[in-house]
file start.txt (compact mmCIF, C-alpha atoms)
# COMPACT_ATOMS: atom_id res chain seq x y z
CA MET A 1 0.00 0.00 0.00
CA ARG A 2 1.45 3.34 -1.01
CA THR A 3 1.30 6.25 1.40
CA ASP A 4 -1.17 8.05 -0.87
CA ASP A 5 -3.45 5.02 -0.57
CA LEU A 6 -3.24 5.14 3.19
CA VAL A 7 -4.09 8.86 3.16
CA ARG A 8 -7.18 8.05 1.09
CA ALA A 9 -8.32 5.52 3.68
CA LEU A 10 -7.68 7.95 6.53
CA VAL A 11 -9.73 10.65 4.79
CA ALA A 12 -12.56 8.15 4.24
CA ASP A 13 -12.47 7.51 7.99
CA ASN A 14 -12.62 11.23 8.85
CA GLN A 15 -16.15 10.91 10.19
CA SER A 16 -15.01 8.66 13.03
CA ARG A 17 -14.63 10.56 16.28
CA ALA A 18 -12.95 9.76 19.56
CA MET A 19 -13.23 11.64 22.82
CA PRO A 20 -10.54 14.15 23.78
CA PRO A 21 -8.54 12.82 26.75
CA SER A 22 -10.02 15.34 29.21
CA THR A 23 -13.60 14.39 28.29
CA ALA A 24 -12.72 10.70 28.43
CA LEU A 25 -11.21 11.20 31.90
CA CYS A 26 -14.35 12.92 33.20
CA CYS A 27 -16.68 10.32 31.69
CA ALA A 28 -14.66 7.47 33.19
CA LEU A 29 -14.05 9.04 36.59
CA VAL A 30 -17.63 9.91 37.50
CA PRO A 31 -18.86 6.27 37.61
CA ALA A 32 -15.56 5.11 39.12
CA ALA A 33 -15.76 7.69 41.90
CA LEU A 34 -19.33 6.58 42.58
CA VAL A 35 -18.16 2.96 42.83
CA ALA A 36 -15.39 4.02 45.20
CA ALA A 37 -17.86 6.05 47.28
CA GLY A 38 -20.23 3.09 47.41
CA LEU A 39 -17.43 0.79 48.58
CA PHE A 40 -16.43 3.41 51.11
CA LEU A 41 -19.91 3.71 52.57
CA ALA A 42 -20.36 -0.06 52.61
CA THR A 43 -17.05 -0.88 54.31
CA MET A 44 -16.00 2.23 56.28
CA GLY A 45 -18.55 5.02 56.40
CA LEU A 46 -18.29 8.63 57.46
CA ARG A 47 -17.03 9.66 60.86
CA PRO A 48 -19.80 10.56 63.32
CA HIS A 49 -20.52 14.29 63.89
CA ILE A 50 -18.90 15.14 60.59
CA ALA A 51 -20.65 18.51 60.21
CA ALA A 52 -19.37 19.71 63.59
CA LEU A 53 -15.88 18.42 62.77
CA LEU A 54 -15.77 20.25 59.45
CA THR A 55 -16.32 23.59 61.14
CA GLY A 56 -14.39 22.66 64.29
CA ASP A 57 -10.85 21.36 63.92
CA PRO A 58 -9.24 22.91 60.81
CA ARG A 59 -7.00 19.83 60.51
CA PHE A 60 -9.95 17.66 59.48
CA ALA A 61 -11.18 20.01 56.76
CA PHE A 62 -7.60 20.61 55.61
CA LYS A 63 -6.75 16.96 54.93
CA ILE A 64 -9.95 16.48 52.92
CA PHE A 65 -9.31 19.69 50.99
CA LEU A 66 -5.72 18.65 50.31
CA ALA A 67 -6.69 15.21 48.99
CA GLY A 68 -9.33 16.78 46.78
CA LEU A 69 -6.83 19.34 45.51
CA LEU A 70 -4.41 16.52 44.71
CA ALA A 71 -7.06 14.65 42.72
CA ALA A 72 -8.04 17.77 40.76
CA ALA A 73 -4.44 18.80 40.09
CA ALA A 74 -3.46 15.29 39.02
CA CYS A 75 -6.47 15.17 36.70
CA GLY A 76 -5.24 18.34 35.02
CA LEU A 77 -1.73 16.92 34.76
CA ALA A 78 -2.93 13.59 33.35
CA SER A 79 -5.00 15.22 30.61
CA ARG A 80 -2.03 17.39 29.62
CA LEU A 81 0.37 14.44 29.61
CA ALA A 82 -2.05 12.67 27.26
CA ARG A 83 -1.65 15.40 24.62
CA PRO A 84 1.53 15.26 22.52
CA GLY A 85 3.52 18.45 22.18
CA THR A 86 1.98 20.05 25.27
CA ASP A 87 4.07 21.54 28.04
CA PRO A 88 2.94 19.88 31.29
CA ARG A 89 5.09 22.04 33.58
CA ARG A 90 2.37 24.38 34.77
CA ALA A 91 0.06 21.48 35.62
CA ALA A 92 2.98 19.80 37.39
CA LEU A 93 3.49 22.95 39.47
CA VAL A 94 -0.14 22.83 40.62
CA VAL A 95 0.43 19.22 41.72
CA ALA A 96 3.62 20.28 43.48
CA SER A 97 1.66 22.84 45.50
CA VAL A 98 0.06 19.94 47.40
CA PRO A 99 3.25 18.77 49.19
CA VAL A 100 4.20 22.43 49.74
CA LEU A 101 0.87 23.09 51.49
CA LEU A 102 1.29 19.91 53.50
CA ALA A 103 4.79 20.95 54.58
CA ALA A 104 3.38 24.31 55.68
CA ALA A 105 0.74 22.50 57.72
CA ASP A 106 3.48 20.37 59.29
CA LEU A 107 5.32 23.53 60.30
CA ALA A 108 2.15 24.93 61.86
CA GLU A 109 1.68 21.65 63.72
CA LEU A 110 5.28 21.73 64.98
CA VAL A 111 4.69 25.21 66.37
CA THR A 112 1.26 24.66 67.93
CA VAL A 113 1.62 21.13 69.35
CA PRO A 114 4.00 20.32 72.25
CA ALA A 115 6.93 18.14 71.27
CA ALA A 116 5.84 15.37 73.64
CA ASP A 117 2.74 14.90 71.51
CA TRP A 118 4.48 14.71 68.12
CA GLY A 119 5.19 10.98 68.11
CA ARG A 120 1.65 9.99 69.05
CA ARG A 121 0.21 12.20 66.31
CA LEU A 122 2.59 10.87 63.71
CA VAL A 123 1.96 7.21 64.41
CA GLY A 124 -1.76 7.73 64.99
CA SER A 125 -4.07 4.80 65.56
CA ASN A 126 -5.00 3.86 61.97
CA ALA A 127 -1.69 3.67 60.10
CA LEU A 128 -2.21 0.18 58.68
CA VAL A 129 -5.89 0.79 57.97
CA CYS A 130 -4.85 3.89 56.04
CA LEU A 131 -2.25 1.99 54.03
CA ARG A 132 -4.85 -0.61 53.13
CA SER A 133 -7.88 1.59 52.59
CA ILE A 134 -6.52 4.26 50.27
CA PRO A 135 -5.26 1.80 47.62
CA PHE A 136 -8.51 -0.18 48.01
CA LEU A 137 -10.65 2.92 47.37
CA ALA A 138 -8.30 4.07 44.58
CA ALA A 139 -8.56 0.83 42.60
CA ALA A 140 -11.70 1.64 40.58
CA PRO A 141 -10.63 5.23 39.80
CA LEU A 142 -7.19 3.97 38.73
CA VAL A 143 -8.63 1.46 36.27
CA ALA A 144 -11.01 4.12 34.92
CA ALA A 145 -8.27 6.74 34.55
CA LEU A 146 -5.95 4.32 32.75
CA LEU A 147 -8.72 3.24 30.37
CA ALA A 148 -9.55 6.88 29.68
CA LEU A 149 -5.91 7.74 29.01
CA ARG A 150 -5.85 5.11 26.30
CA HIS A 151 -7.84 7.68 24.30
CA GLY A 152 -4.84 9.94 24.66
CA ALA A 153 -1.36 9.79 23.20
CA PRO A 154 1.06 10.21 26.10
CA GLU A 155 4.64 10.75 24.98
CA ASN A 156 5.72 9.13 28.22
CA PRO A 157 3.32 6.28 29.11
CA THR A 158 4.98 5.58 32.47
CA LEU A 159 4.62 9.19 33.58
CA ALA A 160 1.02 9.34 32.37
CA GLY A 161 0.29 6.14 34.30
CA ALA A 162 1.87 7.66 37.40
CA SER A 163 -0.35 10.73 37.06
CA ALA A 164 -3.36 8.43 36.81
CA GLY A 165 -2.16 6.80 40.04
CA LEU A 166 -1.84 10.20 41.70
CA LEU A 167 -5.36 11.09 40.58
CA ALA A 168 -6.80 7.80 41.84
CA GLY A 169 -4.80 8.03 45.06
CA GLY A 170 -6.19 11.52 45.61
CA ILE A 171 -9.76 10.29 45.21
CA GLY A 172 -9.11 7.35 47.55
CA ALA A 173 -7.48 9.64 50.10
CA ALA A 174 -10.30 12.21 49.97
CA LEU A 175 -12.85 9.48 50.71
CA TYR A 176 -10.75 7.82 53.40
CA ALA A 177 -10.05 11.20 55.04
CA THR A 178 -13.74 11.52 55.94
CA HIS A 179 -13.51 8.24 57.86
CA CYS A 180 -10.07 8.42 59.49
CA THR A 181 -9.79 9.85 63.00
CA ASP A 182 -6.12 10.80 62.66
CA ASP A 183 -6.24 14.41 61.55
CA SER A 184 -2.71 15.57 62.27
CA PRO A 185 -0.71 16.76 59.24
CA PHE A 186 2.10 14.55 60.59
CA PHE A 187 -0.05 11.47 60.07
CA VAL A 188 -1.17 12.65 56.64
CA THR A 189 2.41 13.37 55.58
CA VAL A 190 3.67 9.91 56.43
CA TRP A 191 0.82 7.48 55.92
CA TYR A 192 -1.32 9.13 53.25
CA SER A 193 1.82 9.80 51.20
CA LEU A 194 2.94 6.18 51.51
CA ALA A 195 -0.49 4.87 50.53
CA ILE A 196 -0.81 7.25 47.57
CA GLY A 197 2.77 6.47 46.55
CA LEU A 198 1.80 2.82 46.33
CA VAL A 199 -1.05 3.68 43.94
CA VAL A 200 1.31 5.87 41.90
CA LEU A 201 3.75 2.96 41.53
CA VAL A 202 1.00 0.64 40.33
CA GLY A 203 -0.24 3.35 37.94
CA ALA A 204 3.24 3.91 36.52
CA PHE A 205 3.74 0.19 35.99
CA CYS A 206 0.37 -0.30 34.29
CA GLY A 207 0.86 2.88 32.26
CA SER A 208 4.18 1.66 30.90
CA ARG A 209 2.34 -1.44 29.69
CA CYS A 210 -1.06 -0.28 28.52
CA LEU A 211 -0.62 3.37 27.49
CA ARG A 212 1.72 2.78 24.56
CA TRP A 213 0.44 3.91 21.17
CA MET B 1 5.75 29.60 2.59
CA ARG B 2 7.39 30.35 5.91
CA GLY B 3 7.20 27.80 8.69
CA ASN B 4 4.84 29.85 10.77
CA GLU B 5 2.37 30.51 7.97
CA ARG B 6 2.52 26.87 6.97
CA GLU B 7 1.65 25.78 10.49
CA GLN B 8 -1.21 28.26 10.62
CA GLU B 9 -2.55 26.80 7.42
CA TRP B 10 -2.24 23.29 8.85
CA SER B 11 -4.11 24.39 11.96
CA SER B 12 -7.02 25.81 9.97
CA LEU B 13 -7.11 22.74 7.72
CA MET B 14 -7.16 20.53 10.81
CA ARG B 15 -9.99 22.56 12.33
CA ALA B 16 -11.99 22.25 9.12
CA ALA B 17 -11.24 18.52 8.99
CA ILE B 18 -12.48 18.00 12.55
CA ALA B 19 -15.61 19.96 11.65
CA GLY B 20 -16.21 17.29 8.97
CA ASP B 21 -14.58 18.71 5.82
CA ASP B 22 -12.95 15.72 4.12
CA ALA B 23 -11.33 17.81 1.37
CA SER B 24 -9.43 19.89 3.94
CA TYR B 25 -8.36 16.72 5.68
CA ALA B 26 -7.04 15.22 2.45
CA ASP B 27 -5.24 18.50 1.70
CA LEU B 28 -3.67 18.53 5.15
CA LEU B 29 -2.47 14.92 5.07
CA ARG B 30 -0.99 15.39 1.59
CA GLN B 31 0.84 18.49 2.73
CA LEU B 32 2.11 16.68 5.81
CA THR B 33 3.37 13.56 4.02
CA PRO B 34 6.58 15.06 2.50
CA VAL B 35 7.35 16.87 5.75
CA LEU B 36 6.93 13.66 7.75
CA ARG B 37 9.04 11.83 5.18
CA ALA B 38 11.88 14.31 5.59
CA LEU B 39 11.64 14.09 9.39
CA ALA B 40 11.63 10.29 9.37
CA ARG B 41 14.50 10.12 6.91
CA ARG B 42 16.58 12.45 9.04
CA GLY B 43 15.78 10.52 12.22
CA LEU B 44 16.62 7.15 10.69
CA ALA B 45 19.77 8.40 8.97
CA ARG B 46 21.06 9.78 12.27
CA ALA B 47 20.71 6.31 13.77
CA GLY B 48 22.42 4.80 10.72
CA LEU B 49 19.31 3.00 9.50
CA ALA B 50 18.12 2.36 5.99
CA GLU B 51 16.08 4.87 4.06
CA THR B 52 13.92 1.97 2.99
CA ASP B 53 12.31 2.06 6.43
CA THR B 54 11.31 5.68 5.98
CA GLU B 55 7.94 4.98 4.41
CA ASP B 56 6.98 2.62 7.24
CA VAL B 57 7.62 5.36 9.77
CA VAL B 58 5.69 7.88 7.65
CA GLN B 59 2.70 5.56 7.44
CA ASP B 60 2.81 4.73 11.15
CA THR B 61 2.95 8.47 11.92
CA LEU B 62 0.03 9.26 9.60
CA LEU B 63 -2.03 6.53 11.26
CA ALA B 64 -1.22 7.97 14.69
CA ILE B 65 -2.07 11.51 13.59
CA HIS B 66 -5.40 10.20 12.33
CA LEU B 67 -6.31 7.96 15.27
CA LYS B 68 -5.12 10.44 17.90
CA ARG B 69 -6.36 13.69 16.36
CA GLN B 70 -8.72 14.17 19.28
CA THR B 71 -5.62 14.81 21.44
CA TRP B 72 -4.92 18.04 19.58
CA ASP B 73 -6.16 21.07 21.48
CA SER B 74 -7.75 23.07 18.66
CA THR B 75 -6.89 26.37 20.36
CA ALA B 76 -3.16 25.53 20.25
CA PRO B 77 -0.96 25.56 17.12
CA VAL B 78 -0.96 22.16 15.42
CA GLY B 79 2.76 22.14 14.54
CA PRO B 80 4.19 21.10 17.94
CA TRP B 81 1.51 18.40 18.17
CA ILE B 82 2.44 16.95 14.77
CA PHE B 83 6.16 17.10 15.44
CA ALA B 84 5.73 15.43 18.83
CA ILE B 85 3.85 12.54 17.20
CA ALA B 86 6.45 12.24 14.43
CA ARG B 87 9.25 12.20 16.98
CA HIS B 88 7.46 9.61 19.09
CA LYS B 89 6.93 7.34 16.10
CA THR B 90 10.51 7.69 14.86
CA ILE B 91 11.87 6.78 18.29
CA ASP B 92 9.43 3.88 18.38
CA ALA B 93 10.68 2.63 15.02
CA LEU B 94 14.31 2.93 16.09
CA ARG B 95 13.57 0.98 19.25
CA ARG B 96 11.85 -1.77 17.29
CA ARG B 97 14.54 -2.01 14.66
CA GLY B 98 17.22 -1.94 17.32
CA ARG B 99 15.71 -5.15 18.60
CA ARG B 100 15.11 -6.70 15.25
CA ILE B 101 18.31 -6.04 13.35
CA GLU B 102 21.08 -8.07 14.91
CA VAL B 103 23.52 -8.69 12.08
CA PRO B 104 27.20 -7.73 11.78
CA ILE B 105 27.67 -4.25 10.46
CA ASP B 106 29.33 -5.20 7.12
CA ASP B 107 26.51 -7.61 6.30
CA LEU B 108 24.04 -4.91 7.23
CA ALA B 109 25.68 -2.56 4.77
CA ASP B 110 25.14 -5.12 2.01
CA VAL B 111 21.51 -5.53 2.92
CA LEU B 112 20.99 -1.79 3.00
CA ALA B 113 22.76 -1.28 -0.31
CA SER B 114 20.71 -3.91 -2.10
CA GLY B 115 17.55 -2.68 -0.41
CA ALA B 116 18.14 0.86 -1.55
CA GLU B 117 18.49 -0.25 -5.14
CA ALA B 118 15.19 -2.05 -5.35
CA PRO B 119 12.79 -0.52 -2.86
CA SER B 120 9.76 -1.55 -4.90
CA LEU B 121 10.47 -5.21 -4.22
CA ILE B 122 10.32 -4.77 -0.48
CA VAL B 123 7.04 -5.69 1.14
CA SER B 124 6.34 -2.75 3.41
CA ASP B 125 5.24 -3.17 7.01
CA VAL B 126 1.77 -1.89 6.25
CA ASP B 127 1.22 -4.58 3.61
CA ARG B 128 2.26 -7.31 6.00
CA HIS B 129 -0.03 -5.89 8.66
CA LEU B 130 -2.85 -5.50 6.18
CA ASP B 131 -2.61 -9.18 5.27
CA ALA B 132 -3.01 -10.07 8.94
CA LEU B 133 -6.30 -8.17 9.38
CA PRO B 134 -9.58 -10.09 9.72
CA ASP B 135 -11.20 -10.72 6.33
CA GLY B 136 -13.90 -8.06 6.46
CA GLN B 137 -11.61 -5.28 7.65
CA ARG B 138 -8.92 -6.19 5.15
CA LYS B 139 -11.35 -6.12 2.22
CA VAL B 140 -12.77 -2.74 3.20
CA VAL B 141 -9.38 -1.14 3.84
CA ARG B 142 -8.07 -2.50 0.52
CA LEU B 143 -11.08 -1.32 -1.47
CA VAL B 144 -11.05 2.16 0.01
CA ALA B 145 -7.27 2.63 0.11
CA VAL B 146 -5.81 0.76 -2.86
CA ASP B 147 -8.78 0.70 -5.23
CA GLY B 148 -9.82 4.16 -4.12
CA ILE B 149 -13.57 3.57 -4.07
CA SER B 150 -15.96 5.43 -1.79
CA ILE B 151 -17.69 4.08 1.31
CA GLU B 152 -20.95 3.92 -0.66
CA GLU B 153 -19.42 1.91 -3.50
CA ALA B 154 -17.70 -0.39 -1.04
CA SER B 155 -20.97 -1.00 0.79
CA MET B 156 -22.66 -2.01 -2.50
CA LYS B 157 -19.77 -4.17 -3.59
CA LEU B 158 -19.57 -6.04 -0.28
CA THR B 159 -23.35 -5.97 0.34
CA MET B 160 -22.76 -4.42 3.72
CA SER B 161 -24.47 -1.39 5.20
CA ARG B 162 -22.57 1.90 5.02
CA GLY B 163 -22.34 1.93 8.79
CA ALA B 164 -20.79 -1.53 8.81
CA VAL B 165 -18.27 -0.45 6.16
CA ARG B 166 -17.36 2.62 8.22
CA VAL B 167 -16.90 0.53 11.35
CA ALA B 168 -14.80 -2.06 9.51
CA LEU B 169 -12.64 0.69 8.00
CA HIS B 170 -12.06 2.37 11.35
CA ARG B 171 -11.36 -0.88 13.18
CA GLY B 172 -9.05 -1.98 10.38
CA LEU B 173 -7.05 1.25 10.60
CA ALA B 174 -6.90 1.05 14.39
CA ARG B 175 -5.69 -2.53 14.15
CA LEU B 176 -3.04 -1.57 11.61
CA ALA B 177 -1.73 0.98 14.09
CA THR B 178 -1.69 -1.65 16.85
CA ARG B 179 0.20 -4.07 14.64
CA PHE B 180 2.83 -1.44 13.87
CA ARG B 181 3.33 -1.09 17.61
CA MET B 182 3.31 -4.81 18.42
CA ASP B 183 5.79 -5.61 15.67
CA ASP B 184 8.63 -6.45 18.05
CA THR B 185 9.71 -9.77 16.64
call {"tool": "encode", "arguments": {"input": "start.txt", "output": "structure tokens"}}
result
Amino acid sequence: MRTDDLVRALVADNQSRAMPPSTALCCALVPAALVAAGLFLATMGLRPHIAALLTGDPRFAFKIFLAGLLAAAACGLASRLARPGTDPRRAALVVASVPVLLAAADLAELVTVPAADWGRRLVGSNALVCLRSIPFLAAAPLVAALLALRHGAPENPTLAGASAGLLAGGIGAALYATHCTDDSPFFVTVWYSLAIGLVVLVGAFCGSRCLRW
Amino acid sequence: MRGNEREQEWSSLMRAAIAGDDASYADLLRQLTPVLRALARRGLARAGLAETDTEDVVQDTLLAIHLKRQTWDSTAPVGPWIFAIARHKTIDALRRRGRRIEVPIDDLADVLASGAEAPSLIVSDVDRHLDALPDGQRKVVRLVAVDGISIEEASMKLTMSRGAVRVALHRGLARLATRFRMDDT
């Protein structure tokens, strides 16, 4: 087949349409987030007195906000990484603001909490539950995000997979944060990061396999 | 035409194509082909590979541009998007050929020399991949591409509905692209 022949076939197929990566991500994530929320309610459930907590201790609202910000920022990054020839640096900076905010919260915690209390807050009482629950809740969003990114054309499939992991980890963390009773930024820094990091690793591995084009 | 003006023209052709204008799309792809050919040739030559592989890379790149055109942000210039895809596909081809060609360098030179003399005898990648398509898809792609008949004529000739011909064409093209990628052996 000569190249001119191929061009003719491509033109004949011009009416076919696929979704842009950002649309595909949204379409895939809405049902996946609902599945994750359903699993969350069935297995963990919200903390009691959640309305009072949201307005009371700023730590509780902050960790939920931060996880949500991570999911949104990673979603932006993933849809940029799925477009060839696009500079992802600005989206990456938004993602980087999440650890910066968390570090600032850690500083505030260091200043306001007596040193004798630091260890207890860091270890918390749910470390293992956190490590288990976030990847569990992130599973459906991760599969959805990876499937959606197959509509894209990531120049670096591993990196795109990692961003899908970050996005899914953020969703899992935001859900889990409404259940977990450890609100200290210390706890979030260590255990949430570890749990999300695990999802990122899985995402990067799957991305390197299934996001080639 | 200067590079910038050329890219602006490509962008407006691409916008028209996405809006459904087949003539603009054909115009765009025909304008792109020699540019992609030059890019692929340069990329392969730098890696010391045969020019005979150029057309395979060009065709793989055109397929990717077609199948991934939804990843172009229509508010951005189309040039960087096209060049990123061409670069990706050239690197991909180099990686594949790096795995496939494992002969001493003097023998390789002989192969390349003979190949360059008679390029028309070489069965291109796309023909091999085309042969491996399921029957229906292969017939449709062949009729539309090689014989140059329209979707309507193909649907009459194969006694299939137009929709079925369109689906077979699209799936066939998508599968061709997959086979280019999977061709690691």
call {"tool": "interface_residues", "arguments": {"input": "start.txt", "of": "chain A", "to": "chain B", "cutoff": "9 Å", "atoms": "only C-alpha atoms", "output": "PyMOL selection string"}}
result
chain A and resi 1-22+82-86+151-153+155+212-213
call {"tool": "residues_around", "arguments": {"input": "start.txt", "residues": "A:Ala37", "least_positions_apart": "2", "cutoff": "12 Å", "atoms": "only C-alpha atoms", "output": "count of residues only"}}
result
30
call {"tool": "atom_distance", "arguments": {"input": "start.txt", "atom1": "atom CA of A:Asp87", "atom2": "atom CA of B:Arg41"}}
result
26.2 Å
call {"tool": "residues_around", "arguments": {"input": "start.txt", "residues": "A:Val113", "least_positions_apart": "5", "cutoff": "12 Å", "atoms": "only C-alpha atoms", "output": "number ranges by chain"}}
result
A: 105-108, 118-122, 184-186
call {"tool": "closest_residue", "arguments": {"input": "start.txt", "among": "A:Tyr192, A:Ala104, A:Leu147, A:Leu159", "to": "A:Ala24", "atoms": "only C-alpha atoms"}}
result
A:Leu147
call {"tool": "atom_distance", "arguments": {"input": "start.txt", "atom1": "atom CA of A:Ala72", "atom2": "atom CA of A:Ser125"}}
result
28.3 Å
call {"tool": "atom_distance", "arguments": {"input": "start.txt", "atom1": "atom CA of A:Val98", "atom2": "atom CA of A:Leu69"}}
result
7.2 Å
call {"tool": "residues_around", "arguments": {"input": "start.txt", "residues": "B:Arg42", "least_positions_apart": "5", "cutoff": "12 Å", "atoms": "only C-alpha atoms", "output": "PyMOL selection string"}}
result
chain B and resi 35-37+47-51+53-54+57-58+86-87+90-91
call {"tool": "closest_residue", "arguments": {"input": "start.txt", "among": "A:Gly203, A:Pro48, A:Gly56, A:Pro114", "to": "A:Ser163", "atoms": "only C-alpha atoms"}}
result
A:Gly203
